[in-house]
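> Would you mind keeping the following structure in view while I ask a few things?
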Amino acid sequence: MKVLIVYYSMYGHIHRLAEAVAEGVKEVQGVEVEMRRIPETLTAEILQKMGAREAQKTFAHVPICQVDDLASANAIIFGTPTRFGNMCGQMRQFLDATGQLWAKGALVGKVGSVFTSSATQHGGQESTILSFHITLLHHGMIVVGLPYSFQDQMRIDEITGGSPYGASTIAGSKGERMPSGNELAAARFQGKHVATIASKLAK
Ligand SMILES: Cc1cc2nc3c(=O)[nH]c(=O)nc-3n(C[C@H](O)[C@H](O)[C@H](O)COP(=O)(O)O)c2cc1C
């Protein structure tokens, strides 16, 4: 039983959420978790201009994802920052290289789930996750979100990410806000929830 967490992060917010998702997966007995990064498509010069080089060093140890890694997992949890209310281009390019898997039906019946990050509270977290689901459905995956049994997605005493579609964080316009305790709890819940469902399906 393996759950794969596949993500792209430019400034570290998605990376932090991915770590919390992994913690949640590990709470389920008999489930192994692996983390993979989506290959970069931008040049070092552009990343430098975008101020991303330093942050990226902190997760450079995470292996780069190969397309075939997806086929080896029982469940895949994808993390992407929002780009204009959509997944990032790096993730899109990676997914567009999965045609061979699609042709073989290699992901049919696997569990798929998505988490995200955006600069602003209403900057497109839900559209990013929901539009990502379309690709998962084309692959025949079973889409899983963040159920309301994670009740703290309903809290209004503080600004928080998280919706029935998946965990999320609000990074701030300068990336100055890292995931809050509540957002990390949502990510852990999502990881555990996906791993639990995948275990039941494997039986
Ligand atoms: C080209 C581009 C487009 C973006 N579009 C949005 C957007 O539509 N809404 C939003 O709130 N943030 C937007 N952002 C901010 C990113 O979502 C934010 O930097 C990211 O969530 C931080 O996560 P990371 O540290 O894991 O990269 C955009 C950033 C870039 C570079």
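Ordering of the structure tokens sets the chain letters (A, B, ...), residue numbers begin anew at 1 in every chain, and ligands are numbered from 1 in the order given.
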If DSSP is run on the backbone, what residues of range 57-161 of chain A are helix (DSSP H, G or I)? A reply as a VMD selection string would be ideal.
chain A and resid 57 67 to 71 89 to 95 99 to 104 125 to 138 151 to 154
> Hey, which residues sit close to ligand 1? Say within 9 Å, counting only C-alpha atoms and all ligand atoms, and write them as a PyMOL selection string.
chain A and resi 7-17+50+52+55+79-89+116-125+128+168-175+178
> Do you know which residues are at most 12 Å from Leu107 in chain A counting only C-alpha atoms, after dropping those on the same chain fewer than 6 positions away, and could you put them as a list in words?
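Close residues of Leu107 in chain A: Val67, Asp68, Asp69, Leu70, Ala71, Ser72, Ala73, Asn74, Ala75, Ile76, Thr98, Gly99, Gln100, Leu101, Thr135, Leu136, Leu137, His138, His139, Gly140, Met141, Ile142 and Val143 of chain A.
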> Assign secondary structure with DSSP using the backbone only, and return the residues of chain A in strand (DSSP E) as a PyMOL selection string.
chain A and resi 2-7+32-37+75-81+111-118+142-143+168-170
> One decimal, in Å: what's the spacing between CA of Lys2 in chain A and CA of Gly30 in chain A?
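Value for the CA of Lys2 in chain A-CA of Gly30 in chain A distance: 8.8 Å.
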> Fewer than 5 positions away in the same chain doesn't count, so skip those; otherwise give me all residues within 6 Å of Ile5 in chain A, counting only C-alpha atoms, as a ChimeraX atom specification.
/A:35,76-78
